[in-house]
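Engineer: Data: run.txt, compact mmCIF, C-alpha atoms and all ligand atoms.
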```txt
# COMPACT_ATOMS: atom_id res chain seq x y z
CA MET A 1 29.49 -7.94 29.16
CA TRP A 2 32.14 -6.71 26.77
CA ASP A 3 33.25 -3.11 26.81
CA SER A 4 31.58 -1.84 23.68
CA PHE A 5 28.28 -3.72 24.16
CA HIS A 6 26.27 -0.55 24.73
CA GLU A 7 28.21 1.71 22.40
CA LYS A 8 26.70 3.12 19.22
CA LEU A 9 27.55 1.77 15.78
CA SER A 10 29.36 5.01 14.94
CA VAL A 11 31.75 4.35 17.84
CA VAL A 12 32.11 0.57 17.52
CA ASP A 13 32.55 0.41 13.77
CA PRO A 14 33.19 3.76 12.07
CA GLU A 15 33.80 1.98 8.76
CA VAL A 16 30.31 0.45 8.62
CA TRP A 17 28.82 3.67 10.01
CA GLU A 18 30.42 5.52 7.13
CA VAL A 19 28.65 3.15 4.71
CA VAL A 20 25.30 3.78 6.41
CA CYS A 21 25.83 7.54 6.32
CA GLY A 22 27.04 7.42 2.74
CA ASP A 23 23.95 5.60 1.59
CA LEU A 24 21.68 7.82 3.68
CA ALA A 25 23.10 10.82 1.85
CA ARG A 26 22.74 9.01 -1.49
CA GLN A 27 19.11 8.17 -0.69
CA ASN A 28 18.31 11.72 0.44
CA ASP A 29 20.18 13.57 -2.29
CA GLY A 30 19.36 11.49 -5.35
CA ILE A 31 16.30 10.58 -7.37
CA ASN A 32 15.49 6.90 -7.12
CA LEU A 33 13.53 5.47 -10.02
CA ILE A 34 14.22 1.81 -9.29
CA ALA A 35 10.75 0.31 -9.64
CA SER A 36 11.31 -2.43 -7.05
CA GLU A 37 12.56 -0.22 -4.21
CA SER A 38 10.69 1.86 -1.67
CA TYR A 39 11.23 3.82 1.54
CA PRO A 40 9.72 2.12 4.58
CA SER A 41 8.53 4.33 7.41
CA ARG A 42 10.54 5.03 10.53
CA ALA A 43 8.23 2.69 12.47
CA VAL A 44 8.93 -0.17 10.04
CA LEU A 45 12.68 0.48 10.29
CA GLN A 46 12.47 0.56 14.09
CA ALA A 47 10.75 -2.82 14.24
CA ALA A 48 13.22 -4.24 11.68
CA GLY A 49 16.16 -3.02 13.76
CA SER A 50 14.70 -4.21 17.07
CA ILE A 51 15.84 -6.81 19.62
CA LEU A 52 13.34 -9.26 18.11
CA THR A 53 16.24 -10.22 15.84
CA ASN A 54 17.54 -12.19 18.84
CA LYS A 55 14.67 -14.62 19.05
CA TYR A 56 14.57 -18.11 17.61
CA ALA A 57 11.00 -19.22 16.93
CA GLU A 58 11.04 -22.20 14.59
CA GLY A 59 7.51 -23.41 14.08
CA TYR A 60 4.34 -21.35 14.10
CA SER A 61 2.50 -19.31 16.70
CA ARG A 62 1.81 -21.44 19.81
CA LYS A 63 3.51 -24.42 18.11
CA ARG A 64 7.19 -23.52 18.45
CA TYR A 65 10.34 -25.53 19.00
CA TYR A 66 11.70 -22.90 21.44
CA GLY A 67 10.60 -21.43 24.73
CA GLY A 68 10.10 -17.73 25.33
CA CYS A 69 7.99 -17.13 22.23
CA GLU A 70 5.01 -15.47 23.93
CA PHE A 71 5.82 -12.02 22.52
CA VAL A 72 6.89 -13.06 19.05
CA ASP A 73 3.79 -15.27 18.77
CA ARG A 74 1.72 -12.14 19.23
CA CYS A 75 3.60 -10.29 16.51
CA GLU A 76 3.30 -13.16 14.03
CA ASP A 77 -0.45 -13.34 14.80
CA LEU A 78 -0.72 -9.60 14.15
CA ALA A 79 1.15 -9.88 10.84
CA VAL A 80 -1.01 -12.80 9.68
CA GLU A 81 -4.33 -11.24 10.71
CA ARG A 82 -3.46 -7.88 9.16
CA ALA A 83 -2.26 -9.40 5.89
CA LYS A 84 -5.44 -11.50 5.65
CA LYS A 85 -7.55 -8.39 6.18
CA LEU A 86 -5.48 -6.21 3.84
CA PHE A 87 -5.69 -8.61 0.89
CA GLY A 88 -8.87 -10.52 1.77
CA ALA A 89 -6.93 -13.81 1.69
CA ASP A 90 -8.05 -17.06 3.35
CA HIS A 91 -4.61 -17.95 4.65
CA VAL A 92 -1.26 -16.13 4.89
CA ASN A 93 2.20 -17.37 5.77
CA VAL A 94 4.37 -14.40 6.77
CA GLN A 95 7.67 -16.25 7.26
CA PRO A 96 9.42 -16.39 3.84
CA HIS A 97 12.75 -14.57 3.92
CA SER A 98 12.43 -13.49 0.29
CA GLY A 99 10.26 -13.57 -2.79
CA SER A 100 12.31 -16.43 -4.21
CA GLN A 101 11.66 -18.48 -1.10
CA ALA A 102 7.95 -17.67 -1.20
CA ASN A 103 7.80 -18.96 -4.78
CA MET A 104 9.89 -21.98 -3.87
CA ALA A 105 7.52 -22.77 -1.00
CA VAL A 106 4.57 -22.93 -3.41
CA TYR A 107 6.42 -25.11 -5.93
CA MET A 108 7.73 -27.48 -3.26
CA ALA A 109 4.23 -27.77 -1.77
CA MET A 110 2.37 -28.48 -5.00
CA LEU A 111 4.78 -29.85 -7.63
CA ASP A 112 7.04 -32.83 -8.10
CA PRO A 113 10.50 -32.50 -9.65
CA GLY A 114 10.13 -32.49 -13.43
CA ASP A 115 6.64 -30.95 -13.41
CA THR A 116 6.12 -28.01 -15.74
CA ILE A 117 5.92 -24.39 -14.64
CA LEU A 118 4.70 -21.94 -17.27
CA GLY A 119 5.80 -18.34 -16.68
CA MET A 120 6.62 -15.22 -18.65
CA ASP A 121 10.06 -15.21 -20.24
CA LEU A 122 12.63 -13.42 -18.07
CA SER A 123 13.62 -11.01 -20.85
CA HIS A 124 9.96 -10.05 -21.36
CA GLY A 125 9.44 -9.13 -17.70
CA GLY A 126 9.21 -12.45 -15.86
CA HIS A 127 11.36 -13.40 -12.88
CA LEU A 128 14.24 -15.84 -12.39
CA THR A 129 12.02 -17.98 -10.18
CA HIS A 130 9.29 -18.35 -12.78
CA GLY A 131 11.11 -21.26 -14.43
CA PHE A 132 14.30 -19.64 -15.74
CA LYS A 133 16.95 -22.23 -16.59
CA VAL A 134 19.72 -21.12 -14.23
CA SER A 135 17.37 -20.77 -11.23
CA PHE A 136 16.27 -23.67 -9.02
CA SER A 137 12.85 -23.17 -10.63
CA GLY A 138 14.17 -24.16 -14.05
CA LYS A 139 16.53 -26.82 -12.77
CA ILE A 140 14.19 -28.82 -10.54
CA TYR A 141 11.13 -28.18 -12.71
CA ARG A 142 10.61 -27.90 -16.44
CA GLY A 143 10.33 -24.19 -17.23
CA GLU A 144 8.16 -23.21 -20.19
CA LYS A 145 7.63 -19.63 -21.33
CA TYR A 146 5.08 -17.29 -22.75
CA PHE A 147 5.92 -13.90 -24.26
CA VAL A 148 4.35 -10.50 -24.78
CA SER A 149 3.16 -9.64 -28.27
CA ARG A 150 5.85 -8.26 -30.57
CA GLU A 151 3.36 -5.72 -31.94
CA THR A 152 1.79 -4.39 -28.75
CA GLY A 153 4.36 -5.19 -26.05
CA GLN A 154 1.39 -6.49 -24.05
CA LEU A 155 0.12 -9.90 -23.01
CA ASP A 156 -1.92 -11.64 -25.66
CA TYR A 157 -4.11 -13.95 -23.58
CA SER A 158 -5.08 -16.16 -26.51
CA GLU A 159 -1.37 -16.71 -27.20
CA VAL A 160 -0.77 -17.60 -23.51
CA ALA A 161 -3.69 -20.05 -23.74
CA ALA A 162 -2.17 -21.65 -26.83
CA VAL A 163 1.23 -22.06 -25.11
CA ALA A 164 -0.51 -23.55 -22.07
CA LYS A 165 -2.29 -26.09 -24.28
CA GLU A 166 0.99 -27.07 -25.93
CA THR A 167 3.10 -27.32 -22.78
CA HIS A 168 0.68 -28.87 -20.23
CA PRO A 169 1.88 -26.94 -17.17
CA LYS A 170 1.02 -28.09 -13.68
CA LEU A 171 1.34 -24.48 -12.51
CA ILE A 172 1.02 -21.19 -14.36
CA VAL A 173 2.68 -18.05 -13.01
CA CYS A 174 1.35 -14.57 -13.67
CA GLY A 175 2.79 -11.39 -12.17
CA TYR A 176 6.03 -9.76 -13.33
CA SER A 177 9.09 -7.65 -12.62
CA ALA A 178 8.90 -5.40 -15.66
CA TYR A 179 5.39 -5.39 -17.11
CA PRO A 180 3.83 -1.91 -17.28
CA ARG A 181 0.24 -2.96 -17.89
CA THR A 182 -2.73 -4.25 -15.88
CA ILE A 183 -2.85 -8.02 -15.50
CA ASP A 184 -6.13 -9.77 -16.25
CA PHE A 185 -6.16 -12.41 -13.50
CA LYS A 186 -9.58 -13.71 -14.56
CA ALA A 187 -8.21 -14.51 -18.02
CA PHE A 188 -5.32 -16.40 -16.39
CA ARG A 189 -7.77 -18.37 -14.24
CA GLU A 190 -9.63 -19.46 -17.34
CA ILE A 191 -6.39 -20.48 -19.05
CA ALA A 192 -5.32 -22.46 -15.96
CA ASP A 193 -8.72 -24.17 -15.71
CA ASP A 194 -8.63 -25.13 -19.38
CA VAL A 195 -5.40 -27.07 -18.88
CA GLY A 196 -5.99 -28.21 -15.29
CA ALA A 197 -3.12 -26.14 -13.85
CA TYR A 198 -2.71 -24.33 -10.55
CA LEU A 199 -2.51 -20.55 -10.86
CA MET A 200 0.08 -18.59 -8.90
CA ALA A 201 0.13 -14.79 -8.98
CA ASP A 202 3.49 -13.28 -8.03
CA ILE A 203 2.41 -9.75 -7.21
CA ALA A 204 5.72 -8.61 -5.70
CA HIS A 205 5.81 -5.47 -7.83
CA ILE A 206 2.18 -4.45 -7.59
CA ALA A 207 1.23 -5.64 -4.08
CA GLY A 208 0.87 -2.07 -2.77
CA LEU A 209 -1.34 -1.16 -5.72
CA VAL A 210 -3.43 -4.29 -5.15
CA ALA A 211 -3.77 -3.61 -1.40
CA ALA A 212 -4.93 -0.09 -2.18
CA GLY A 213 -7.38 -1.19 -4.87
CA VAL A 214 -5.40 0.61 -7.58
CA HIS A 215 -4.77 -2.65 -9.47
CA PRO A 216 -7.30 -5.54 -9.61
CA SER A 217 -6.71 -8.23 -7.01
CA PRO A 218 -5.89 -11.84 -7.91
CA VAL A 219 -7.40 -13.18 -4.66
CA GLU A 220 -10.61 -14.37 -6.30
CA TYR A 221 -8.73 -16.14 -9.09
CA ALA A 222 -5.33 -17.43 -8.00
CA ASP A 223 -4.73 -20.54 -5.91
CA PHE A 224 -1.52 -19.00 -4.56
CA ILE A 225 -0.33 -15.43 -4.30
CA THR A 226 3.21 -14.54 -3.39
CA THR A 227 4.67 -11.12 -2.79
CA THR A 228 7.72 -9.51 -1.37
CA THR A 229 6.95 -6.95 1.31
CA HIS A 230 9.57 -4.33 0.42
CA LYS A 231 8.48 -3.08 -2.99
CA THR A 232 5.26 -1.05 -3.40
CA LEU A 233 4.08 -2.53 -0.08
CA CYS A 234 6.68 -0.30 1.61
CA GLY A 235 7.58 -2.82 4.29
CA PRO A 236 10.83 -4.52 5.27
CA ARG A 237 12.72 -7.08 3.19
CA GLY A 238 10.95 -10.42 2.98
CA ALA A 239 7.84 -12.02 1.57
CA ILE A 240 4.53 -13.70 2.26
CA VAL A 241 2.51 -16.49 0.66
CA MET A 242 -1.29 -16.26 0.48
CA CYS A 243 -3.47 -19.19 -0.50
CA ARG A 244 -6.90 -20.69 -0.42
CA GLY A 245 -7.72 -22.40 2.90
CA GLU A 246 -7.46 -25.87 1.38
CA TYR A 247 -3.72 -25.37 0.73
CA ALA A 248 -2.90 -23.72 4.07
CA GLN A 249 -1.31 -26.73 5.71
CA ALA A 250 0.72 -27.68 2.65
CA ILE A 251 2.10 -24.14 2.31
CA ASP A 252 2.95 -23.84 6.01
CA LYS A 253 4.77 -27.19 5.98
CA SER A 254 6.60 -26.17 2.84
CA VAL A 255 7.89 -22.89 4.32
CA PHE A 256 8.82 -24.53 7.64
CA PRO A 257 10.30 -27.12 7.93
CA GLY A 258 10.37 -27.57 4.14
CA ILE A 259 12.72 -24.81 3.05
CA GLN A 260 13.40 -22.53 6.01
CA GLY A 261 14.46 -22.80 9.63
CA GLY A 262 14.01 -19.97 12.11
CA PRO A 263 11.80 -17.10 10.92
CA PHE A 264 13.19 -13.55 11.19
CA MET A 265 10.89 -12.27 13.92
CA HIS A 266 12.17 -8.67 13.72
CA LEU A 267 11.14 -8.61 10.05
CA ILE A 268 7.81 -10.29 10.77
CA ALA A 269 7.18 -7.53 13.33
CA ALA A 270 8.11 -4.94 10.73
CA ARG A 271 5.79 -6.63 8.22
CA ALA A 272 2.96 -6.34 10.78
CA VAL A 273 3.67 -2.60 11.08
CA ALA A 274 3.70 -2.15 7.29
CA PHE A 275 0.36 -3.98 6.95
CA ARG A 276 -1.17 -1.73 9.60
CA GLU A 277 0.10 1.35 7.76
CA ALA A 278 -1.28 -0.01 4.48
CA MET A 279 -4.82 0.11 5.87
CA LYS A 280 -4.72 3.88 6.29
CA PRO A 281 -6.53 6.12 3.79
CA GLU A 282 -3.43 8.31 3.27
CA TRP A 283 -1.40 5.22 2.34
CA LYS A 284 -4.03 4.32 -0.24
CA ARG A 285 -3.82 7.86 -1.62
CA MET A 286 -0.05 7.49 -1.84
CA GLN A 287 -0.47 4.33 -3.96
CA GLU A 288 -2.87 6.21 -6.22
CA ASN A 289 -0.25 8.93 -6.57
CA ILE A 290 2.43 6.36 -7.48
CA VAL A 291 0.34 5.40 -10.51
CA ALA A 292 -0.64 9.00 -11.31
CA ASN A 293 3.04 10.00 -11.23
CA SER A 294 3.97 7.04 -13.40
CA LYS A 295 1.40 8.05 -16.02
CA THR A 296 2.55 11.68 -15.93
CA LEU A 297 6.20 10.70 -16.27
CA ALA A 298 5.33 8.32 -19.13
CA SER A 299 3.39 10.92 -21.09
CA LYS A 300 6.18 13.47 -20.66
CA MET A 301 8.74 10.89 -21.82
CA LEU A 302 6.60 10.14 -24.89
CA GLU A 303 6.25 13.87 -25.57
CA LEU A 304 10.06 14.13 -25.48
CA GLY A 305 10.35 11.40 -28.11
CA PHE A 306 11.13 8.31 -26.02
CA ASP A 307 9.73 4.93 -27.05
CA LEU A 308 7.99 3.15 -24.19
CA VAL A 309 7.29 -0.57 -24.41
CA SER A 310 3.51 -1.03 -24.86
CA GLY A 311 3.20 2.74 -25.42
CA GLY A 312 2.81 3.72 -21.78
CA THR A 313 1.89 2.40 -18.37
CA ASP A 314 -1.04 1.41 -16.15
CA ASN A 315 1.02 0.87 -13.01
CA HIS A 316 4.10 2.06 -11.11
CA LEU A 317 6.65 1.44 -13.87
CA MET A 318 7.49 1.88 -17.51
CA LEU A 319 10.16 0.43 -19.80
CA ALA A 320 11.98 2.82 -22.11
CA ASP A 321 13.26 1.28 -25.34
CA LEU A 322 16.46 3.21 -26.09
CA ARG A 323 17.23 1.78 -29.51
CA SER A 324 15.91 4.89 -31.25
CA LYS A 325 18.39 6.92 -29.17
CA ASN A 326 21.24 4.60 -30.16
CA LEU A 327 21.89 3.88 -26.51
CA THR A 328 22.13 0.71 -24.47
CA GLY A 329 20.64 0.29 -21.03
CA THR A 330 24.15 0.04 -19.57
CA VAL A 331 25.23 3.40 -20.95
CA ALA A 332 21.97 5.07 -19.92
CA GLU A 333 22.08 3.67 -16.38
CA ALA A 334 25.65 4.88 -15.89
CA ALA A 335 25.09 8.35 -17.36
CA LEU A 336 21.95 8.95 -15.31
CA GLY A 337 23.71 7.65 -12.20
CA GLU A 338 26.39 10.31 -12.64
CA ALA A 339 23.59 12.88 -12.77
CA GLY A 340 22.02 11.72 -9.47
CA ILE A 341 19.23 9.65 -11.04
CA THR A 342 19.28 5.97 -10.11
CA LEU A 343 17.47 3.39 -12.20
CA ASN A 344 18.29 0.03 -13.75
CA LYS A 345 19.10 -1.19 -17.21
CA ASN A 346 16.50 -3.69 -18.31
CA THR A 347 15.88 -5.99 -21.24
CA ILE A 348 13.01 -5.02 -23.47
CA PRO A 349 10.88 -7.73 -25.13
CA TYR A 350 12.74 -9.30 -28.08
CA ASP A 351 15.87 -7.44 -27.00
CA PRO A 352 18.73 -7.76 -29.50
CA GLU A 353 21.29 -6.95 -26.77
CA LYS A 354 22.69 -9.33 -24.16
CA PRO A 355 21.00 -9.27 -20.70
CA PHE A 356 24.00 -7.53 -19.14
CA VAL A 357 23.87 -4.77 -21.75
CA THR A 358 20.15 -4.45 -22.67
CA SER A 359 18.34 -1.96 -24.89
CA GLY A 360 16.22 -0.44 -22.18
CA VAL A 361 15.82 1.07 -18.76
CA ARG A 362 13.07 0.39 -16.23
CA ILE A 363 11.67 3.49 -14.58
CA GLY A 364 9.45 3.37 -11.47
CA THR A 365 7.77 6.01 -9.36
CA PRO A 366 7.29 4.47 -5.87
CA CYS A 367 10.28 6.19 -4.24
CA VAL A 368 9.78 9.68 -5.67
CA THR A 369 6.09 9.49 -4.72
CA ILE A 370 6.70 8.31 -1.16
CA ARG A 371 8.93 11.34 -0.60
CA GLY A 372 6.06 13.60 -1.72
CA MET A 373 6.86 14.49 -5.32
CA GLY A 374 4.01 15.05 -7.78
CA GLY A 375 3.21 15.93 -11.38
CA SER A 376 5.46 18.97 -11.81
CA GLU A 377 8.44 17.04 -10.40
CA MET A 378 7.71 14.21 -12.86
CA ASP A 379 7.95 16.75 -15.70
CA LEU A 380 11.29 17.93 -14.34
CA ILE A 381 12.59 14.37 -14.01
CA ALA A 382 11.57 13.49 -17.57
CA GLY A 383 13.37 16.62 -18.78
CA TRP A 384 16.54 15.67 -16.90
CA ILE A 385 16.46 12.12 -18.27
CA ASN A 386 16.09 13.57 -21.75
CA ASP A 387 18.95 16.06 -21.26
CA VAL A 388 21.34 13.39 -19.99
CA LEU A 389 20.42 10.73 -22.53
CA ASN A 390 20.69 13.16 -25.42
CA SER A 391 24.35 13.78 -24.44
CA PRO A 392 25.42 10.92 -22.19
CA GLU A 393 29.11 11.80 -22.61
CA ASP A 394 28.69 15.50 -21.76
CA ALA A 395 30.07 16.04 -18.25
CA SER A 396 28.70 19.59 -17.99
CA VAL A 397 25.12 18.42 -18.65
CA LYS A 398 25.45 15.67 -16.03
CA LYS A 399 26.92 18.13 -13.51
CA ARG A 400 24.12 20.65 -14.13
CA VAL A 401 21.45 17.95 -13.70
CA LEU A 402 23.20 16.57 -10.60
CA ASP A 403 23.08 20.03 -8.99
CA GLU A 404 19.43 20.54 -9.93
CA VAL A 405 18.51 17.06 -8.65
CA LYS A 406 20.17 17.84 -5.33
CA VAL A 407 18.25 21.11 -4.94
CA LEU A 408 14.93 19.37 -5.66
CA CYS A 409 15.72 16.48 -3.33
CA GLY A 410 16.57 18.97 -0.56
CA LYS A 411 12.91 19.98 -0.63
CA TYR A 412 11.76 16.36 -0.24
CA PRO A 413 13.99 14.72 2.39
CA VAL A 414 13.48 11.00 2.88
CA TYR A 415 15.04 10.36 6.30
CA PRO A 416 16.53 12.66 8.96
CA LYS A 417 20.32 12.77 8.96
CA ASP A 418 20.56 11.85 12.69
CA GLU A 419 24.20 11.79 13.73
CA CYS A 420 25.56 11.30 10.22
N1 LIG B 501 15.03 -7.76 -8.12
C1 LIG B 501 13.62 -7.50 -8.24
C2 LIG B 501 13.34 -6.36 -9.18
O1 LIG B 501 14.13 -5.44 -9.24
O2 LIG B 501 12.30 -6.37 -9.83
C3 LIG B 501 12.85 -8.71 -8.59
O3 LIG B 501 13.10 -9.66 -7.64
```
Show how you would write the structure in this file as structure tokens.
Structural biologist:
Amino acid sequence: MWDSFHEKLSVVDPEVWEVVCGDLARQNDGINLIASESYPSRAVLQAAGSILTNKYAEGYSRKRYYGGCEFVDRCEDLAVERAKKLFGADHVNVQPHSGSQANMAVYMAMLDPGDTILGMDLSHGGHLTHGFKVSFSGKIYRGEKYFVSRETGQLDYSEVAAVAKETHPKLIVCGYSAYPRTIDFKAFREIADDVGAYLMADIAHIAGLVAAGVHPSPVEYADFITTTTHKTLCGPRGAIVMCRGEYAQAIDKSVFPGIQGGPFMHLIAARAVAFREAMKPEWKRMQENIVANSKTLASKMLELGFDLVSGGTDNHLMLADLRSKNLTGTVAEAALGEAGITLNKNTIPYDPEKPFVTSGVRIGTPCVTIRGMGGSEMDLIAGWINDVLNSPEDASVKKRVLDEVKVLCGKYPVYPKDEC
């Protein structure tokens, strides 16, 4: 055994330890409004950082290509059984390393190269893997798009139906990265049935809300459901695919050996932990609070004169259209970052700016809610966003907000500082 085998990270690699400590301080001291991030529990982090990372387990439980899988089989079984119970799904594959791979697994299982995928346009809130031209999904398959209504900023289901009739998709994707409203999965099922397409719901953003019953579930309507496990689900990085029983074998073969080799057993263990936590009543209440906080923040933003795409929110996020403030998303993201508020620039529907500039910011409440903040903190946050974006060049405003943010965050620590 080499000398430093049992030494701590802080001793073996002070440079990397400094990064960990730096980001721990950033996470504790700042307000995180990135809609796709969350804070997993200590138990999830412990499983994710466990010695299960050492184990190769290609294959599935009790059908592996390696010996010594008796313990990891048990943890994959737990993850599968818990996910099935949590979402009411017939079949779940818990091995995808990411949301992109979960989506790829469905496409590779059900489509042939050149088949048409119909998804929401990326700049309207869709995802790269929903048929966007520079992604594998738009290169191997023919990507067609639907859009939100220019007037309402919301889905117009009759318009989606018309696009489906014109484009003859083999698979329709619903579920988005930046759509603030409830999705009508039944309407999508009807559209898919009318054109003989499969329906895939990518619920990566809203999976926690769906698990808690705060957003309607697609399980009754979609043939396939994919989700990452690290957004509102509050688990570790990674993803799962759910499907009707009739597609179980095709999906499993598509994930392994189709597109992946060895599953990350430490992350599958952590997923099992997250699914167990998601069955608790207090976790459900937390998901309800994520939406309540989002609505409070949205109404305060509207009161302060911000334009929100679609006029508000039904879920964990909102999209602020900054054109009336004469600001781009890039400028807003940077100014707020200097004031201790992290969010991301985001295209708005029909955005006149380039995707790297954008006219909007996406604002989400999962992280602030997980750390315990409520309605009065949402009012404060909206006020700080307003102060900074009214004078994005004013260093004294940003410094004042940064100090106030730090004081508030001190009352709602995320993780203990340990040895940092
Ligand atoms: N990158 C994710 C998000 O921020 O929504 C989507 O994959």
Engineer: Quote the spacing between CA of Glu277 in chain A and CA of Leu45 in chain A in Å to one decimal place.
Structural biologist: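 Going from CA of Glu277 in chain A over to CA of Leu45 in chain A, I get 12.9 Å.
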Engineer: Kindly provide, as a list in words, all nucleotide and amino acid residues lying within 10 Å of ligand LIG 501 (chain B), counting only C-alpha atoms and all ligand atoms.
Structural biologist: Ile34, Ala35, Ser36, Glu37, Ser98, Gly99, Ser100, Gly125, Gly126, His127, Leu128, Thr129, Tyr176, Ser177, Ala178, Ala204, His205, Thr227, Thr228, Lys231, Leu343, Asn344, Asn346 and Arg362 of chain A
Engineer: What lies within 12 Å of Pro216 in chain A using only C-alpha atoms, ignoring chain neighbours under 4 positions off, as a VMD selection string?
Structural biologist: chain A and resid 87 175 181 to 186 201 203 206 to 212 220 to 221 314 to 315
Engineer: Which distance in Å separates CA of Ser41 in chain A and CA of Pro413 in chain A, to one decimal?
Structural biologist: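 One can read the CA of Ser41 in chain A to CA of Pro413 in chain A distance as 12.8 Å.
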Engineer: Give me, as JSON, numbers by chain, all polymer residues having an atom no more than 12 Å from range 189-191 of chain A, counting all atoms listed in the file and skipping those fewer than 3 positions away in the same chain.
Structural biologist: {"A": [118, 156, 157, 158, 159, 160, 161, 162, 163, 164, 165, 168, 169, 170, 171, 172, 173, 174, 183, 184, 185, 186, 194, 195, 196, 197, 198, 199, 200, 201, 218, 219, 220, 221, 222, 223, 224]}
Engineer: From the options A:Ile31, A:Leu78, A:Met104, A:Met318, which residue's atoms come nearest to Leu408 in chain A, counting all atoms listed in the file?
Structural biologist: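 Checking each of A:Ile31, A:Leu78, A:Met104, A:Met318 against Leu408 in chain A, counting all atoms listed in the file, the winner is A:Ile31.
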Engineer: Would you kindly return, as a list in words, each protein, DNA or RNA residue with an atom no farther than 12 Å from any atom of Gly261 in chain A, considering all atoms listed in the file and excluding same-chain residues fewer than 5 positions away?
Structural biologist: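 Residues near the query, excluding close chain neighbours: Tyr56, Ala57, Glu58, Gly59, Tyr60, Arg64, Tyr65, Gln95, Pro96, His97, Gln101, Lys253, Ser254, Val255 and Phe256 of chain A.
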Engineer: Find the distance between CA of Lys8 in chain A and CA of Phe71 in chain A and write it in Å to one decimal.
Structural biologist: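 Interatomic distance, CA of Lys8 in chain A to CA of Phe71 in chain A: 26.0 Å.
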Engineer: Which polymer residues, protein or nucleic acid, are no farther than 12 Å from (9.2, 6.7, 11.8), counting all atoms listed in the file, as a list in words?
Structural biologist: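 Residues with an atom close enough to that point: Tyr39, Pro40, Ser41, Arg42, Ala43, Val44, Leu45, Gln46, Ala47, Ala48, Ala270, Val273, Ala274, Glu277, Val414, Tyr415 and Pro416 of chain A.
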Engineer: Need the shell around Asp387 in chain A: protein/DNA/RNA residues with any atom at most 9 Å away, counting all atoms listed in the file. Skip same-chain ones fewer than 5 positions apart. Format as number ranges by chain?
Structural biologist: A: 382, 392, 397-398, 401
Engineer: With all atoms listed in the file as the atoms that count, which of A:Tyr247, A:Asp121, A:Val331, A:Pro180 lies nearest to Leu308 in chain A?
Structural biologist: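 Looking at the shortest contact to Leu308 in chain A, the residue is A:Pro180.
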Engineer: Please determine, counting all atoms listed in the file, which residue among A:Thr152, A:Asn32, A:Thr226, A:Thr116 has the shortest atom-to-atom distance to Asn103 in chain A.
Structural biologist: A:Thr226
Engineer: Kindly indicate which residue among A:Glu144, A:Lys399, A:Ala187, A:Glu166 lies nearest to Gly337 in chain A, using only C-alpha atoms for the distances.
Structural biologist: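 Of the candidates, the smallest distance to Gly337 in chain A is held by A:Lys399.
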Engineer: Would you please work out which residue, of A:Val388, A:Ala272, A:Met279, A:Ile117, is nearest to Ala239 in chain A when using all atoms listed in the file?
Structural biologist: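 Smallest separation from Ala239 in chain A among the options: A:Ala272.
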Engineer: Give the padded box for range 49-53 of chain A as AutoDock Vina command-line options: axis-aligned, covering all atoms listed in the file, 8 Å on each side, centre and edge lengths in Å to one decimal.
Structural biologist:
```
--center_x 14.8 --center_y -6.6 --center_z 16.7 --size_x 18.9 --size_y 23.2 --size_z 21.9
```
Engineer: Using all atoms listed in the file, can you tell me which of A:Ser137, A:Thr369, A:Thr167, A:Gln154 comes closest to Trp283 in chain A?
Structural biologist: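 Smallest distance to Trp283 in chain A is found for A:Thr369.
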Engineer: So that I can check the surroundings of Lys139 in chain A, please list as a compact mmCIF listing (two decimals) with C-alpha atoms, keeping the file's coordinate frame every protein, DNA and RNA residue that reaches within 12 Å of it, counting all atoms listed in the file and ignoring chain neighbours fewer than 3 positions away.
Structural biologist:
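Saved result, out.txt, follows:
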```txt
# COMPACT_ATOMS: atom_id res chain seq x y z
CA PRO A 113 10.50 -32.50 -9.65
CA GLY A 114 10.13 -32.49 -13.43
CA ASP A 115 6.64 -30.95 -13.41
CA THR A 116 6.12 -28.01 -15.74
CA ILE A 117 5.92 -24.39 -14.64
CA LEU A 128 14.24 -15.84 -12.39
CA THR A 129 12.02 -17.98 -10.18
CA HIS A 130 9.29 -18.35 -12.78
CA GLY A 131 11.11 -21.26 -14.43
CA PHE A 132 14.30 -19.64 -15.74
CA LYS A 133 16.95 -22.23 -16.59
CA VAL A 134 19.72 -21.12 -14.23
CA SER A 135 17.37 -20.77 -11.23
CA PHE A 136 16.27 -23.67 -9.02
CA ARG A 142 10.61 -27.90 -16.44
CA GLY A 143 10.33 -24.19 -17.23
CA GLU A 144 8.16 -23.21 -20.19
```
Engineer: Would you fill the gaps in range 43-47 of chain A so it has N, CA and C atoms, then print it as an mmCIF file, in the frame of the given file?
Structural biologist:
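Generated output (result-v7.cif):
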```cif
data_model
loop_
_atom_site.group_PDB
_atom_site.id
_atom_site.type_symbol
_atom_site.label_atom_id
_atom_site.label_comp_id
_atom_site.auth_asym_id
_atom_site.auth_seq_id
_atom_site.Cartn_x
_atom_site.Cartn_y
_atom_site.Cartn_z
ATOM 1 N N ALA A 43 8.760 3.737 11.585
ATOM 2 C CA ALA A 43 8.230 2.690 12.470
ATOM 3 C C ALA A 43 8.605 1.299 11.956
ATOM 4 N N VAL A 44 8.543 1.119 10.642
ATOM 5 C CA VAL A 44 8.930 -0.170 10.040
ATOM 6 C C VAL A 44 10.423 -0.417 10.297
ATOM 7 N N LEU A 45 11.233 0.624 10.079
ATOM 8 C CA LEU A 45 12.680 0.480 10.290
ATOM 9 C C LEU A 45 12.991 0.164 11.753
ATOM 10 N N GLN A 46 12.234 0.783 12.650
ATOM 11 C CA GLN A 46 12.470 0.560 14.090
ATOM 12 C C GLN A 46 12.186 -0.893 14.456
ATOM 13 N N ALA A 47 11.063 -1.419 13.955
ATOM 14 C CA ALA A 47 10.750 -2.820 14.240
ATOM 15 C C ALA A 47 11.814 -3.740 13.608
#
```
